[in-house]
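Notes to accompany the following structure.
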Amino acid sequence: GTRPSPPNPAFRPWSIEVDAGGLWLGGIDFGSAAAELTANGSPPADYPLFRTASQLRAGPAYEGRIGVRLTRAIGVEGAFQYARLPLETRISGDVEDAPSLTASNDLRRYIVEVSGVLHLTRYRMGRNGSPFLLGGAGYVRELDERQALAETGGLYHAGGGFKYLFSERTHGLIKGFGLRADARIYFRQGGFELENGDPLRRFVAGGASLLVAF
């Protein structure tokens with residue numbers, strides 16, 4: 001079988017990694033709804049006034065992350081993420097034949113999350129690269145552009161990626177510089193929502209960051 005490679009100085013147990021970079025966040029489709037008026041009659045009937053369809057558009061996010069290797073293979077990470085995403089609502093099917101229109105409102109999203117990381121030390125990507133898996137949970141806070149409406153919730157994520165060192169050294173405070181890239185799937189419950197009951201919403205994310213190891 002393949003023997004694990006000896007640990008890089010930058011990736012030894014109890015080493016610290018600091019990452020800073022960007023993500024591309026997928027959007028969320030909130031579905032459509034009808035605004036109806038209950039008309040008089042026997043039996044009463046719903047009279048449609050117009051329809052709305054809302055979605056949170058995809059967009060960029062900024063992320064900072066700090067992690068600690070507990071062993072060669074296992075680590076923990078904490079991260080902070082900020083994004084400003086357009087929330088769009090399309091209004092159509094007006095009973096008075098008014099033209100359709102789209103209203104937009106920027107939504108500011110703040111995420112704090114904690115992840116467990118499994119480094120696949122048996123596998124290498126070039127001389128200084130190694131893949132990893134991660135999963136965890138976090139807290140999300142979302143505000144509209146006027147900061148008049150604030151909603152909070154929880155989220156869960158899972159994904160994987162790789163880390164690659166461009167340079168490393170055995171002495172000094174900084175043990176290495178490199179690149180981290182990963183993709184994740186998120187499940188969000190709470191936050192901004194148009195339906196009752198806080199349904200579980202799904203979105204994806206992927207990005208890259210610069211890595212500094214201590």
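Chain lettering (A, B, ...) mirrors the order of the structure tokens, residue numbering begins at 1 for each chain separately, and ligand numbering begins at 1 in order of display.
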
6 Å contact set for Ala20 of chain A, only C-alpha atoms, chain neighbours under 4 positions out, as a list in words:
Glu63, Gly64, Ser209 and Leu210 of chain A

For the residues in the current selection, export all heavy atoms as an mmCIF file, in the first residue's frame.
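Heads up, here's the output in result-v1.cif:
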```cif
data_model
loop_
_atom_site.group_PDB
_atom_site.id
_atom_site.type_symbol
_atom_site.label_atom_id
_atom_site.label_comp_id
_atom_site.auth_asym_id
_atom_site.auth_seq_id
_atom_site.Cartn_x
_atom_site.Cartn_y
_atom_site.Cartn_z
ATOM 1 N N GLU A 63 -14.048 35.963 2.713
ATOM 2 C CA GLU A 63 -13.947 35.031 3.833
ATOM 3 C C GLU A 63 -12.552 35.050 4.451
ATOM 4 O O GLU A 63 -11.547 35.099 3.747
ATOM 5 C CB GLU A 63 -14.265 33.610 3.354
ATOM 6 C CG GLU A 63 -14.253 32.568 4.466
ATOM 7 C CD GLU A 63 -14.636 31.183 3.960
ATOM 8 O OE1 GLU A 63 -13.812 30.575 3.242
ATOM 9 O OE2 GLU A 63 -15.744 30.724 4.265
ATOM 10 N N GLY A 64 -12.527 35.019 5.775
ATOM 11 C CA GLY A 64 -11.304 34.820 6.538
ATOM 12 C C GLY A 64 -11.444 33.564 7.373
ATOM 13 O O GLY A 64 -12.531 33.275 7.889
ATOM 14 N N SER A 209 -8.323 30.920 -1.677
ATOM 15 C CA SER A 209 -7.752 31.878 -0.730
ATOM 16 C C SER A 209 -6.250 31.658 -0.622
ATOM 17 O O SER A 209 -5.730 30.575 -0.952
ATOM 18 C CB SER A 209 -8.416 31.747 0.651
ATOM 19 O OG SER A 209 -8.268 30.432 1.146
ATOM 20 N N LEU A 210 -5.564 32.672 -0.141
ATOM 21 C CA LEU A 210 -4.158 32.558 0.165
ATOM 22 C C LEU A 210 -4.006 31.954 1.558
ATOM 23 O O LEU A 210 -4.778 32.261 2.466
ATOM 24 C CB LEU A 210 -3.475 33.922 0.111
ATOM 25 C CG LEU A 210 -3.429 34.581 -1.261
ATOM 26 C CD1 LEU A 210 -2.796 35.964 -1.162
ATOM 27 C CD2 LEU A 210 -2.645 33.723 -2.255
#
```

With 10 Å as the cut-off and only C-alpha atoms counted, what is the closest atom pair between each nearby residue of segment 146-189 of chain A and segment 110-115 of chain A? Distances in Å to one decimal, ordered by chain and number, as a Markdown table.
```
| residue | atom | partner | partner_atom | distance |
| --- | --- | --- | --- | --- |
| A:Thr152 | CA | A:Tyr110 | CA | 9.5 |
| A:Gly153 | CA | A:Ile111 | CA | 9.7 |
| A:Gly154 | CA | A:Ile111 | CA | 9.2 |
| A:Leu155 | CA | A:Glu113 | CA | 8.4 |
| A:Tyr156 | CA | A:Glu113 | CA | 8.7 |
| A:His157 | CA | A:Ser115 | CA | 8.4 |
| A:Ala158 | CA | A:Ser115 | CA | 8.8 |
```

Per residue of segment 109-164 of chain A within 10 Å of segment 176-189 of chain A, what are the shortest atom pair and its distance in Å to one decimal, counting only C-alpha atoms, with rows by chain and residue number, as a tab-separated table?
```
residue	atom	partner	partner_atom	distance
A:Asn128	CA	A:Gly178	CA	9.2
A:Gly129	CA	A:Leu179	CA	9.2
A:Ser130	CA	A:Arg180	CA	9.9
A:Pro131	CA	A:Asp182	CA	9.3
A:Phe132	CA	A:Asp182	CA	8.8
A:Leu133	CA	A:Asp182	CA	9.0
A:Leu134	CA	A:Arg184	CA	8.6
A:Gly135	CA	A:Arg184	CA	8.7
A:Gly136	CA	A:Tyr186	CA	9.7
A:Ala137	CA	A:Tyr186	CA	9.2
A:Gly138	CA	A:Arg188	CA	9.3
A:Tyr139	CA	A:Arg188	CA	9.3
A:Val140	CA	A:Arg188	CA	8.3
A:Thr152	CA	A:Gln189	CA	8.9
A:Gly153	CA	A:Gln189	CA	5.7
A:Gly154	CA	A:Gln189	CA	5.5
A:Leu155	CA	A:Arg188	CA	4.3
A:Tyr156	CA	A:Phe187	CA	5.2
A:His157	CA	A:Tyr186	CA	4.4
A:Ala158	CA	A:Arg184	CA	5.5
A:Gly159	CA	A:Arg184	CA	4.1
A:Gly160	CA	A:Asp182	CA	5.5
A:Gly161	CA	A:Asp182	CA	3.8
A:Phe162	CA	A:Ala181	CA	5.7
A:Lys163	CA	A:Arg180	CA	4.5
A:Tyr164	CA	A:Leu179	CA	5.3
```

Could the residues in this selection be written to a file with N, CA, C and O atoms, as a compact mmCIF listing (two decimals), in the first residue's frame?
```txt
# COMPACT_ATOMS: atom_id res chain seq x y z
N ASN A 128 3.71 19.34 -3.08
CA ASN A 128 3.30 19.99 -1.84
C ASN A 128 1.80 20.19 -1.71
O ASN A 128 1.34 21.06 -0.98
N GLY A 129 1.02 19.39 -2.39
CA GLY A 129 -0.43 19.54 -2.33
C GLY A 129 -1.08 18.34 -1.66
O GLY A 129 -0.60 17.22 -1.76
N SER A 130 -2.20 18.60 -0.98
CA SER A 130 -2.93 17.52 -0.32
C SER A 130 -4.42 17.87 -0.29
O SER A 130 -4.80 19.02 -0.04
N PRO A 131 -5.31 16.88 -0.52
CA PRO A 131 -6.74 17.13 -0.48
C PRO A 131 -7.29 17.03 0.94
O PRO A 131 -6.64 16.49 1.84
N PHE A 132 -8.50 17.54 1.13
CA PHE A 132 -9.14 17.48 2.44
C PHE A 132 -10.66 17.46 2.27
O PHE A 132 -11.20 17.84 1.23
N LEU A 133 -11.32 17.00 3.31
CA LEU A 133 -12.78 17.06 3.43
C LEU A 133 -13.13 17.90 4.65
O LEU A 133 -12.36 17.94 5.61
N LEU A 134 -14.28 18.55 4.63
CA LEU A 134 -14.68 19.35 5.78
C LEU A 134 -16.19 19.32 5.94
O LEU A 134 -16.94 19.05 5.00
N GLY A 135 -16.63 19.61 7.15
CA GLY A 135 -18.05 19.72 7.44
C GLY A 135 -18.23 20.44 8.76
O GLY A 135 -17.35 20.41 9.63
N GLY A 136 -19.36 21.13 8.90
CA GLY A 136 -19.56 21.86 10.14
C GLY A 136 -20.89 22.59 10.17
O GLY A 136 -21.80 22.31 9.39
N ALA A 137 -20.98 23.56 11.06
CA ALA A 137 -22.21 24.31 11.28
C ALA A 137 -21.86 25.75 11.58
O ALA A 137 -20.71 26.09 11.91
N GLY A 138 -22.88 26.62 11.50
CA GLY A 138 -22.62 28.03 11.75
C GLY A 138 -23.88 28.82 12.02
O GLY A 138 -24.99 28.29 12.11
N TYR A 139 -23.68 30.12 12.12
CA TYR A 139 -24.74 31.10 12.42
C TYR A 139 -24.78 32.11 11.30
O TYR A 139 -23.72 32.58 10.82
N VAL A 140 -25.97 32.45 10.83
CA VAL A 140 -26.12 33.42 9.75
C VAL A 140 -27.01 34.57 10.22
O VAL A 140 -28.00 34.37 10.91
N THR A 152 -32.05 36.01 11.53
CA THR A 152 -30.95 35.13 11.90
C THR A 152 -31.38 33.68 11.70
O THR A 152 -32.56 33.35 11.60
N GLY A 153 -30.39 32.80 11.66
CA GLY A 153 -30.68 31.39 11.49
C GLY A 153 -29.42 30.56 11.63
O GLY A 153 -28.34 31.07 11.96
N GLY A 154 -29.54 29.28 11.37
CA GLY A 154 -28.42 28.36 11.43
C GLY A 154 -28.16 27.76 10.07
O GLY A 154 -29.01 27.78 9.17
N LEU A 155 -26.97 27.23 9.89
CA LEU A 155 -26.64 26.56 8.64
C LEU A 155 -25.65 25.44 8.88
O LEU A 155 -24.94 25.41 9.89
N TYR A 156 -25.62 24.51 7.93
CA TYR A 156 -24.73 23.36 7.96
C TYR A 156 -24.05 23.25 6.61
O TYR A 156 -24.62 23.65 5.58
N HIS A 157 -22.84 22.73 6.59
CA HIS A 157 -22.11 22.65 5.33
C HIS A 157 -21.24 21.41 5.28
O HIS A 157 -20.85 20.85 6.32
N ALA A 158 -20.93 21.00 4.06
CA ALA A 158 -19.99 19.90 3.81
C ALA A 158 -19.32 20.16 2.47
O ALA A 158 -19.90 20.81 1.58
N GLY A 159 -18.10 19.68 2.34
CA GLY A 159 -17.40 19.91 1.09
C GLY A 159 -16.00 19.33 1.10
O GLY A 159 -15.65 18.49 1.94
N GLY A 160 -15.20 19.79 0.16
CA GLY A 160 -13.83 19.31 0.05
C GLY A 160 -13.01 20.22 -0.84
O GLY A 160 -13.56 21.08 -1.54
N GLY A 161 -11.70 20.03 -0.80
CA GLY A 161 -10.81 20.85 -1.61
C GLY A 161 -9.37 20.39 -1.47
O GLY A 161 -9.10 19.23 -1.16
N PHE A 162 -8.46 21.32 -1.70
CA PHE A 162 -7.04 20.99 -1.57
C PHE A 162 -6.27 22.21 -1.09
O PHE A 162 -6.71 23.35 -1.22
N LYS A 163 -5.11 21.92 -0.51
CA LYS A 163 -4.16 22.95 -0.10
C LYS A 163 -2.83 22.66 -0.80
O LYS A 163 -2.41 21.51 -0.88
N TYR A 164 -2.20 23.73 -1.29
CA TYR A 164 -0.93 23.56 -1.99
C TYR A 164 0.05 24.63 -1.51
O TYR A 164 -0.27 25.82 -1.51
```

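Each of A:Tyr123, A:Phe30, A:Tyr82, A:Phe203 was checked against Leu107 of chain A using only C-alpha atoms; the smallest atom-to-atom distance is that of A:Tyr82.
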
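For the set A:Arg108, A:His171, A:His119, A:Arg124, the residue with the smallest atom-to-atom gap to Ala150 of chain A is A:Arg108, counting only C-alpha atoms.
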
Expected answer as number ranges by chain: strand (DSSP E or B) residues in segment 3-197 of chain A
A: 16-25, 28-39, 45-56, 59-69, 74-92, 101-119, 129-144, 150-168, 176-190

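Interatomic distance, atom CA of Phe11 of chain A against atom CA of Ala205 of chain A: 25.1 Å.
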
Could you give me, as a PDB file with N, CA, C and O atoms, in the first residue's frame, the residues within 10 Å of Gly59 of chain A, counting only C-alpha atoms and dropping anything in the same chain fewer than 2 positions from it?
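Printed below is selection32.pdb as written:
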```pdb
ATOM      1  N   LEU A  23     -15.133  33.853  -2.259  1.00  0.00           N
ATOM      2  CA  LEU A  23     -16.019  32.759  -2.626  1.00  0.00           C
ATOM      3  C   LEU A  23     -17.023  33.252  -3.659  1.00  0.00           C
ATOM      4  O   LEU A  23     -17.309  34.448  -3.738  1.00  0.00           O
ATOM      5  N   TRP A  24     -17.568  32.313  -4.427  1.00  0.00           N
ATOM      6  CA  TRP A  24     -18.737  32.602  -5.246  1.00  0.00           C
ATOM      7  C   TRP A  24     -19.896  31.809  -4.656  1.00  0.00           C
ATOM      8  O   TRP A  24     -19.831  30.591  -4.543  1.00  0.00           O
ATOM      9  N   LEU A  25     -20.943  32.510  -4.237  1.00  0.00           N
ATOM     10  CA  LEU A  25     -22.083  31.880  -3.591  1.00  0.00           C
ATOM     11  C   LEU A  25     -23.209  31.682  -4.587  1.00  0.00           C
ATOM     12  O   LEU A  25     -23.559  32.603  -5.337  1.00  0.00           O
ATOM     13  N   GLY A  26     -23.801  30.490  -4.581  1.00  0.00           N
ATOM     14  CA  GLY A  26     -24.961  30.239  -5.402  1.00  0.00           C
ATOM     15  C   GLY A  26     -26.195  30.922  -4.838  1.00  0.00           C
ATOM     16  O   GLY A  26     -26.240  31.311  -3.663  1.00  0.00           O
ATOM     17  N   GLY A  27     -27.201  31.085  -5.655  1.00  0.00           N
ATOM     18  CA  GLY A  27     -28.421  31.756  -5.236  1.00  0.00           C
ATOM     19  C   GLY A  27     -29.414  30.815  -4.569  1.00  0.00           C
ATOM     20  O   GLY A  27     -29.201  29.603  -4.486  1.00  0.00           O
ATOM     21  N   LEU A  56     -32.843  34.980  -4.296  1.00  0.00           N
ATOM     22  CA  LEU A  56     -31.592  35.617  -3.883  1.00  0.00           C
ATOM     23  C   LEU A  56     -30.558  35.254  -4.929  1.00  0.00           C
ATOM     24  O   LEU A  56     -30.265  34.075  -5.139  1.00  0.00           O
ATOM     25  N   ARG A  57     -30.031  36.252  -5.615  1.00  0.00           N
ATOM     26  CA  ARG A  57     -29.117  36.004  -6.725  1.00  0.00           C
ATOM     27  C   ARG A  57     -27.745  35.564  -6.238  1.00  0.00           C
ATOM     28  O   ARG A  57     -27.341  35.849  -5.113  1.00  0.00           O
ATOM     29  N   ALA A  61     -18.442  36.665  -2.245  1.00  0.00           N
ATOM     30  CA  ALA A  61     -18.344  36.812  -0.791  1.00  0.00           C
ATOM     31  C   ALA A  61     -16.874  36.876  -0.420  1.00  0.00           C
ATOM     32  O   ALA A  61     -15.997  36.441  -1.177  1.00  0.00           O
ATOM     33  N   ALA A  83     -21.099  38.779   2.621  1.00  0.00           N
ATOM     34  CA  ALA A  83     -21.544  38.910   1.237  1.00  0.00           C
ATOM     35  C   ALA A  83     -22.651  39.951   1.167  1.00  0.00           C
ATOM     36  O   ALA A  83     -23.389  40.179   2.132  1.00  0.00           O
ATOM     37  N   ARG A  84     -22.767  40.554  -0.005  1.00  0.00           N
ATOM     38  CA  ARG A  84     -23.873  41.483  -0.290  1.00  0.00           C
ATOM     39  C   ARG A  84     -24.520  41.006  -1.585  1.00  0.00           C
ATOM     40  O   ARG A  84     -23.939  41.149  -2.666  1.00  0.00           O
ATOM     41  N   LEU A  85     -25.717  40.430  -1.458  1.00  0.00           N
ATOM     42  CA  LEU A  85     -26.352  39.740  -2.570  1.00  0.00           C
ATOM     43  C   LEU A  85     -27.681  40.404  -2.927  1.00  0.00           C
ATOM     44  O   LEU A  85     -28.431  40.813  -2.036  1.00  0.00           O
ATOM     45  N   PRO A  86     -28.012  40.497  -4.216  1.00  0.00           N
ATOM     46  CA  PRO A  86     -29.284  41.110  -4.611  1.00  0.00           C
ATOM     47  C   PRO A  86     -30.463  40.147  -4.419  1.00  0.00           C
ATOM     48  O   PRO A  86     -30.442  39.006  -4.872  1.00  0.00           O
ATOM     49  N   ALA A 205     -21.275  26.851  -2.790  1.00  0.00           N
ATOM     50  CA  ALA A 205     -20.233  27.875  -2.733  1.00  0.00           C
ATOM     51  C   ALA A 205     -18.913  27.263  -3.167  1.00  0.00           C
ATOM     52  O   ALA A 205     -18.663  26.062  -2.949  1.00  0.00           O
TER      53      ALA A 205
END
```
